[in-house]
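S.K.: To start, I am sharing the structure in question, which I have written as structure tokens.
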Amino acid sequence: MIKLSGIYKKFQQHEVLKGIDLEVKKGDVLTIIGPSGSGKTTFLRCINFLEKPDEGTIEIGSTLKVNAIKPSKKDILALRQKTAMVFQNYNLFQNKTVLENIMEGLTVVQKKSKQEAREVAERLLHKIGLEEKRDAYPSSLSGGQQQRVGIARALALNPEVILFDEPTSALDPEMVGEVLQLMKQIAAEGITMIVVTHEIDFAHEVSNHVVFMDGGHIVEEGTPEEVIVHPQKERTQQFLKRLRKNPEYII
Amino acid sequence: MTVFDWEFAIDHIPEVLKGVPITLLIAVVSIVIGSFVGLFMALIRVYRVPVLNQMTLVFISFIRGTPLLVQLYVFFYGIPALVEAQEWQVNPDKISPLWYAFIVYSMNAAAYTAEIFRASLNSIAAGQLEACHSVGMTTWQGLRRVVFPQMMIMALPNMGNIFVNLIKSTSLAFAVKVVEIMAIAKMLANQGYNFLEMYLVAAVVYWVICLLLEVIFHYTEKRLSIFKRAVTV
């Protein structure tokens, strides 16, 4: 269970998050949609303190509750150890091989033995179908392959929740499918996911909880049926209509 | 008498080579100390640590803006004066001139490497450290395991240049009585006014050292940067 309450964040004078409350249950696949600049990525990054919120509390499980006003280093570390993140630009460790990328968190943070970490990493490589790339460096992989490794790196940590920050936005269109397919597969396994995305179809099909954000607020939330198919608020309808706009010209 | 006494030059090469260890010692000690201090200063600059950042800026500007020879003299005369003023239980005349060389050359190496490390750090995507944080590493773990290794490789070509410059500039150390290649060459030349011969010998010795170092750096760089090579299968 993850509970976020009263999250505020300002960049200089610009208020990006104006009080966000959100609850995510275990096994939920939550997607956050909304126009650019609505604060969805900032909000996601606040969950693991890559961005420090100005105010608010973050609760993960029953044991960890972090107040954003004066968080201890220990709390931030604990928060990050219970979460994992998949980045828009993959951010694989450039100086480590695919296998080492997946093992890194296990050996350095979770203090698992090399042997144990290697077993986990190899199992995940099999799952993402990149066994033949185990000793390759990230720079030699395609974007889609890198992102699949990024997902494996997150999965390896066995976190309470995986945060996805627009995981397909930087990919060539033909590689989007393989990444979404993998995300769909892990969603089906009951892993808690929070996904910031522009892929409305993914949000519709895979998630069970959709949040529409605009201007630093949550405008509407509910099941995909409620938010994407039958949105109540005008702002949501507008946004979705623009996304689904039929072509104005037919050539 | 010929214009250039080949025999004299060739006969005295082994003498001059005796200065090589000292030259290398000064350069290696300075680059090692300088790199640690330089890395520390680079981090101060990148994270803009208040006060220390300004102090680092002044230090770098001073070192880069004053001649090495002047710095050597300042320490050569400054440290004994300080020792006397503070009435420390050290005899300034007993301080080995090597210490002045170590101090000054290390400071120089630090100032120049700091700027190189800073540029390398800035060119590593912020996302690398964020990724470390996201898997639960501390900042220090992330720097040590992911950022520094990438920074070192990026800095390597420039570090090679600094090291070669350092080797060459050790020829000034004889001004503070360090007996290295240049000092030996000069002393031998003095005996019979064979300056041209001995300076040429010294030049060749420096050249060979620098050539070898360039080769070594080139191969280290190649070996270490395998991760940058995109292997298309």
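Each chain in the structure tokens gets a letter, A, B, ..., in the order shown, and its residues are numbered from 1; ligands are numbered from 1 in order too.
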Do me a favour and pick out the residues of chain A within 6 Å of chain B, using only C-alpha atoms, as a count of residues only.
M.R.: 11
S.K.: If we count only C-alpha atoms and set the cut-off at 8 Å, which residues sit around region 60-67 of chain A, ignoring sequence neighbours fewer than 4 positions away in its own chain? Please answer as a tab-separated table (two decimals) with N, CA, C and O atoms, in the first residue's frame.
M.R.:
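To be explicit, this is the file written out as result.tsv:
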chain	number	residue	atom	x	y	z
A	1	MET	N	0.84	-1.20	0.00
A	1	MET	CA	0.00	0.00	0.00
A	1	MET	C	0.88	1.26	0.00
A	1	MET	O	1.83	1.36	0.76
A	2	ILE	N	0.56	2.17	-0.86
A	2	ILE	CA	1.32	3.41	-0.92
A	2	ILE	C	0.35	4.56	-0.76
A	2	ILE	O	-0.69	4.59	-1.42
A	3	LYS	N	0.69	5.48	0.11
A	3	LYS	CA	-0.22	6.59	0.33
A	3	LYS	C	0.57	7.90	0.29
A	3	LYS	O	1.56	8.06	1.01
A	55	GLU	N	6.30	19.86	0.65
A	55	GLU	CA	5.39	19.50	1.74
A	55	GLU	C	4.75	18.17	1.42
A	55	GLU	O	4.67	17.79	0.25
A	56	GLY	N	4.24	17.52	2.43
A	56	GLY	CA	3.49	16.29	2.20
A	56	GLY	C	4.11	15.09	2.87
A	56	GLY	O	5.23	15.16	3.38
A	71	PRO	N	12.95	15.38	6.08
A	71	PRO	CA	13.20	13.94	5.97
A	71	PRO	C	14.63	13.64	6.37
A	71	PRO	O	15.54	14.41	6.10
A	75	ASP	N	15.61	7.95	5.97
A	75	ASP	CA	14.25	7.77	5.44
A	75	ASP	C	14.25	7.80	3.91
A	75	ASP	O	13.59	7.00	3.26
A	76	ILE	N	14.99	8.76	3.36
A	76	ILE	CA	15.03	8.88	1.90
A	76	ILE	C	15.63	7.61	1.30
A	76	ILE	O	15.12	7.06	0.32
A	78	ALA	N	15.63	4.65	2.64
A	78	ALA	CA	14.66	3.55	2.82
A	78	ALA	C	13.59	3.62	1.73
A	78	ALA	O	13.17	2.61	1.17
A	79	LEU	N	13.15	4.85	1.46
A	79	LEU	CA	12.12	5.06	0.44
A	79	LEU	C	12.63	4.58	-0.92
A	79	LEU	O	11.92	3.90	-1.67
A	82	LYS	N	12.76	0.83	-1.28
A	82	LYS	CA	11.48	0.13	-1.43
A	82	LYS	C	10.86	0.38	-2.79
A	82	LYS	O	9.79	-0.15	-3.10
A	160	GLU	N	8.52	-2.64	-3.67
A	160	GLU	CA	7.09	-2.56	-3.37
A	160	GLU	C	6.33	-1.98	-4.56
A	160	GLU	O	5.17	-2.28	-4.78
S.K.: How far is it from CA of Pro167 (chain A) to CA of Val86 (chain A), in Å with one decimal?
M.R.: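 CA of Val86 (chain A) lies at a distance of 6.5 Å from CA of Pro167 (chain A).
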S.K.: Record the distance separating CA of Lys10 (chain A) and CA of Val210 (chain A), expressed in Å with one decimal.
M.R.: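 Computing it gives 24.4 Å between the two atoms.
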S.K.: Under the rule that only C-alpha atoms are counted, which of B:Ala42, B:Cys210, B:Leu166, B:Ile216 is the nearest residue to Met151 (chain B)?
M.R.: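 Nearest candidate to Met151 (chain B) out of B:Ala42, B:Cys210, B:Leu166, B:Ile216: B:Ala42.
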S.K.: List the neighbours of Pro157 (chain B) out to 12 Å using only C-alpha atoms; skip same-chain residues closer than 2 positions along the sequence, and give me the result as a tab-separated table (two decimals) with all heavy atoms, in the first residue's frame.
M.R.:
chain	number	residue	atom	x	y	z
B	113	THR	N	43.95	19.29	-13.02
B	113	THR	CA	43.03	18.14	-13.06
B	113	THR	C	41.65	18.52	-12.56
B	113	THR	O	40.66	17.99	-13.04
B	113	THR	CB	43.55	16.95	-12.22
B	113	THR	OG1	43.86	17.41	-10.93
B	113	THR	CG2	44.76	16.30	-12.85
B	116	ILE	N	39.63	19.60	-15.38
B	116	ILE	CA	39.32	18.50	-16.30
B	116	ILE	C	38.26	17.58	-15.70
B	116	ILE	O	37.31	17.19	-16.38
B	116	ILE	CB	40.61	17.70	-16.61
B	116	ILE	CG1	41.46	18.54	-17.55
B	116	ILE	CG2	40.30	16.37	-17.23
B	116	ILE	CD1	42.86	18.06	-17.65
B	117	PHE	N	38.41	17.26	-14.42
B	117	PHE	CA	37.41	16.42	-13.77
B	117	PHE	C	36.06	17.11	-13.75
B	117	PHE	O	35.01	16.49	-13.93
B	117	PHE	CB	37.84	16.07	-12.33
B	117	PHE	CG	38.92	15.04	-12.27
B	117	PHE	CD1	39.82	15.02	-11.21
B	117	PHE	CD2	39.03	14.07	-13.25
B	117	PHE	CE1	40.82	14.07	-11.15
B	117	PHE	CE2	40.03	13.10	-13.20
B	117	PHE	CZ	40.93	13.10	-12.13
B	120	SER	N	34.50	16.77	-17.09
B	120	SER	CA	34.06	15.39	-17.32
B	120	SER	C	32.81	15.08	-16.51
B	120	SER	O	31.88	14.45	-17.01
B	120	SER	CB	35.16	14.40	-16.94
B	120	SER	OG	36.36	14.75	-17.57
B	151	MET	N	33.93	9.08	-15.47
B	151	MET	CA	34.67	10.35	-15.49
B	151	MET	C	36.15	10.12	-15.80
B	151	MET	O	36.74	10.83	-16.61
B	151	MET	CB	34.53	11.01	-14.11
B	151	MET	CG	35.31	12.28	-13.95
B	151	MET	SD	35.54	12.70	-12.21
B	151	MET	CE	36.77	11.49	-11.75
B	152	MET	N	36.74	9.09	-15.17
B	152	MET	CA	38.16	8.81	-15.38
B	152	MET	C	38.46	8.57	-16.85
B	152	MET	O	39.44	9.07	-17.39
B	152	MET	CB	38.59	7.57	-14.57
B	152	MET	CG	38.87	7.82	-13.11
B	152	MET	SD	39.91	9.24	-12.77
B	152	MET	CE	41.46	8.68	-13.47
B	153	ILE	N	37.58	7.78	-17.48
B	153	ILE	CA	37.85	7.45	-18.88
B	153	ILE	C	37.69	8.67	-19.77
B	153	ILE	O	38.46	8.89	-20.69
B	153	ILE	CB	36.93	6.30	-19.30
B	153	ILE	CG1	37.46	5.03	-18.66
B	153	ILE	CG2	36.89	6.15	-20.81
B	153	ILE	CD1	36.47	3.98	-18.46
B	154	MET	N	36.71	9.50	-19.41
B	154	MET	CA	36.53	10.71	-20.20
B	154	MET	C	37.72	11.65	-20.02
B	154	MET	O	38.11	12.37	-20.93
B	154	MET	CB	35.24	11.40	-19.78
B	154	MET	CG	34.39	11.75	-20.95
B	154	MET	SD	32.81	12.37	-20.45
B	154	MET	CE	32.03	10.92	-19.87
B	155	ALA	N	38.29	11.64	-18.80
B	155	ALA	CA	39.37	12.58	-18.50
B	155	ALA	C	40.73	12.07	-18.98
B	155	ALA	O	41.69	12.84	-19.03
B	155	ALA	CB	39.42	12.83	-16.99
B	159	MET	N	44.31	13.91	-19.06
B	159	MET	CA	45.24	13.56	-17.99
B	159	MET	C	46.59	13.21	-18.59
B	159	MET	O	47.63	13.54	-18.01
B	159	MET	CB	44.71	12.35	-17.19
B	159	MET	CG	43.49	12.65	-16.36
B	159	MET	SD	43.83	13.79	-15.04
B	159	MET	CE	44.55	12.67	-13.85
B	160	GLY	N	46.57	12.55	-19.72
B	160	GLY	CA	47.81	12.23	-20.41
B	160	GLY	C	48.59	13.49	-20.73
B	160	GLY	O	49.80	13.57	-20.50
B	161	ASN	N	47.88	14.48	-21.24
B	161	ASN	CA	48.54	15.75	-21.56
B	161	ASN	C	49.14	16.40	-20.33
B	161	ASN	O	50.25	16.92	-20.37
B	161	ASN	CB	47.53	16.74	-22.17
B	161	ASN	CG	47.18	16.34	-23.59
B	161	ASN	OD1	47.93	15.59	-24.22
B	161	ASN	ND2	46.06	16.81	-24.08
B	162	ILE	N	48.36	16.38	-19.24
B	162	ILE	CA	48.84	17.00	-18.01
B	162	ILE	C	50.10	16.31	-17.53
B	162	ILE	O	51.07	16.94	-17.12
B	162	ILE	CB	47.75	16.93	-16.93
B	162	ILE	CG1	46.66	17.91	-17.28
B	162	ILE	CG2	48.33	17.22	-15.56
B	162	ILE	CD1	45.71	18.16	-16.17
B	163	PHE	N	50.08	14.98	-17.62
B	163	PHE	CA	51.23	14.22	-17.13
B	163	PHE	C	52.47	14.54	-17.97
B	163	PHE	O	53.56	14.75	-17.43
B	163	PHE	CB	50.90	12.73	-17.15
B	163	PHE	CG	51.87	11.91	-16.36
B	163	PHE	CD1	51.99	12.10	-14.99
B	163	PHE	CD2	52.67	10.96	-16.96
B	163	PHE	CE1	52.88	11.36	-14.24
B	163	PHE	CE2	53.58	10.22	-16.22
B	163	PHE	CZ	53.69	10.41	-14.86
B	164	VAL	N	52.30	14.60	-19.27
B	164	VAL	CA	53.43	14.92	-20.14
B	164	VAL	C	53.95	16.33	-19.84
B	164	VAL	O	55.16	16.56	-19.74
B	164	VAL	CB	53.01	14.78	-21.62
B	164	VAL	CG1	54.02	15.45	-22.53
B	164	VAL	CG2	52.86	13.31	-21.99
B	213	LEU	N	55.25	7.55	-22.70
B	213	LEU	CA	54.04	7.81	-21.92
B	213	LEU	C	52.82	7.96	-22.81
B	213	LEU	O	51.74	7.47	-22.50
B	213	LEU	CB	54.22	9.09	-21.08
B	213	LEU	CG	55.10	8.88	-19.86
B	213	LEU	CD1	55.46	10.21	-19.24
B	213	LEU	CD2	54.38	7.99	-18.85
B	214	GLU	N	53.02	8.64	-23.94
B	214	GLU	CA	51.89	8.82	-24.85
B	214	GLU	C	51.36	7.48	-25.34
B	214	GLU	O	50.16	7.26	-25.43
B	214	GLU	CB	52.29	9.71	-26.02
B	214	GLU	CG	52.02	11.18	-25.73
B	214	GLU	CD	52.70	12.12	-26.71
B	214	GLU	OE1	52.85	11.74	-27.88
B	214	GLU	OE2	53.09	13.22	-26.28
B	215	VAL	N	52.31	6.59	-25.64
B	215	VAL	CA	51.90	5.26	-26.10
B	215	VAL	C	51.13	4.54	-24.99
B	215	VAL	O	50.06	3.97	-25.22
B	215	VAL	CB	53.14	4.44	-26.53
B	215	VAL	CG1	52.75	3.01	-26.83
B	215	VAL	CG2	53.78	5.09	-27.75
B	216	ILE	N	51.66	4.62	-23.77
B	216	ILE	CA	51.00	3.93	-22.66
B	216	ILE	C	49.58	4.48	-22.46
B	216	ILE	O	48.61	3.73	-22.35
B	216	ILE	CB	51.82	4.10	-21.35
B	216	ILE	CG1	53.12	3.31	-21.48
B	216	ILE	CG2	51.02	3.62	-20.15
B	216	ILE	CD1	54.12	3.58	-20.37
B	217	PHE	N	49.46	5.81	-22.48
B	217	PHE	CA	48.14	6.40	-22.28
B	217	PHE	C	47.18	6.01	-23.39
B	217	PHE	O	46.02	5.72	-23.15
B	217	PHE	CB	48.25	7.93	-22.19
B	217	PHE	CG	48.38	8.41	-20.78
B	217	PHE	CD1	49.62	8.74	-20.26
B	217	PHE	CD2	47.27	8.54	-19.97
B	217	PHE	CE1	49.76	9.16	-18.95
B	217	PHE	CE2	47.39	8.97	-18.67
B	217	PHE	CZ	48.63	9.28	-18.16
B	218	HIS	N	47.71	5.98	-24.60
B	218	HIS	CA	46.86	5.64	-25.74
B	218	HIS	C	46.26	4.25	-25.57
B	218	HIS	O	45.06	4.05	-25.76
B	218	HIS	CB	47.69	5.71	-27.02
B	218	HIS	CG	46.91	5.38	-28.25
B	218	HIS	ND1	45.99	6.24	-28.78
B	218	HIS	CD2	46.89	4.26	-29.02
B	218	HIS	CE1	45.44	5.67	-29.84
B	218	HIS	NE2	45.97	4.46	-30.01
B	219	TYR	N	47.09	3.29	-25.15
B	219	TYR	CA	46.58	1.93	-25.02
B	219	TYR	C	45.66	1.77	-23.82
B	219	TYR	O	44.66	1.07	-23.89
B	219	TYR	CB	47.74	0.93	-24.98
B	219	TYR	CG	48.21	0.66	-26.39
B	219	TYR	CD1	49.35	1.26	-26.90
B	219	TYR	CD2	47.45	-0.15	-27.25
B	219	TYR	CE1	49.76	1.05	-28.21
B	219	TYR	CE2	47.84	-0.36	-28.55
B	219	TYR	CZ	49.00	0.24	-29.03
B	219	TYR	OH	49.37	0.05	-30.33
B	220	THR	N	46.00	2.47	-22.71
B	220	THR	CA	45.11	2.38	-21.55
B	220	THR	C	43.74	2.91	-21.93
B	220	THR	O	42.71	2.31	-21.60
B	220	THR	CB	45.66	3.25	-20.39
B	220	THR	OG1	47.07	3.27	-20.47
B	220	THR	CG2	45.20	2.75	-19.07
B	221	GLU	N	43.73	4.02	-22.63
B	221	GLU	CA	42.46	4.62	-23.01
B	221	GLU	C	41.65	3.66	-23.87
B	221	GLU	O	40.46	3.46	-23.66
B	221	GLU	CB	42.75	5.91	-23.78
B	221	GLU	CG	41.54	6.78	-23.96
B	221	GLU	CD	41.80	7.84	-25.01
B	221	GLU	OE1	42.97	8.21	-25.21
B	221	GLU	OE2	40.83	8.27	-25.63
B	222	LYS	N	42.34	3.04	-24.81
B	222	LYS	CA	41.65	2.11	-25.70
B	222	LYS	C	41.05	0.95	-24.94
B	222	LYS	O	39.92	0.54	-25.18
B	222	LYS	CB	42.65	1.57	-26.73
B	222	LYS	CG	42.39	2.09	-28.14
B	222	LYS	CD	43.30	1.36	-29.10
B	222	LYS	CE	42.78	1.41	-30.51
B	222	LYS	NZ	43.78	0.85	-31.43
B	224	LEU	N	40.29	0.77	-21.72
B	224	LEU	CA	39.29	1.10	-20.71
B	224	LEU	C	37.97	1.56	-21.31
B	224	LEU	O	36.94	1.52	-20.65
B	224	LEU	CB	39.82	2.17	-19.76
B	224	LEU	CG	40.93	1.70	-18.83
B	224	LEU	CD1	41.39	2.83	-17.95
B	224	LEU	CD2	40.46	0.53	-17.98
B	225	SER	N	38.01	2.03	-22.55
B	225	SER	CA	36.76	2.59	-23.06
B	225	SER	C	35.96	1.60	-23.90
B	225	SER	O	35.20	2.01	-24.76
B	225	SER	CB	37.04	3.88	-23.84
B	225	SER	OG	38.09	3.68	-24.74
S.K.: Excluding region 187-192 of chain B and its own-chain neighbours fewer than 6 positions away, which residues fall within 9 Å of it when counting only C-alpha atoms? Please give them as a ChimeraX atom specification.
M.R.: /B:12,15-16,198-199
S.K.: For CA of Pro21 (chain B) and CA of Ala109 (chain B), quote the distance in Å rounded to one decimal.
M.R.: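 Rounded to one decimal, the two atoms are 18.8 Å apart.
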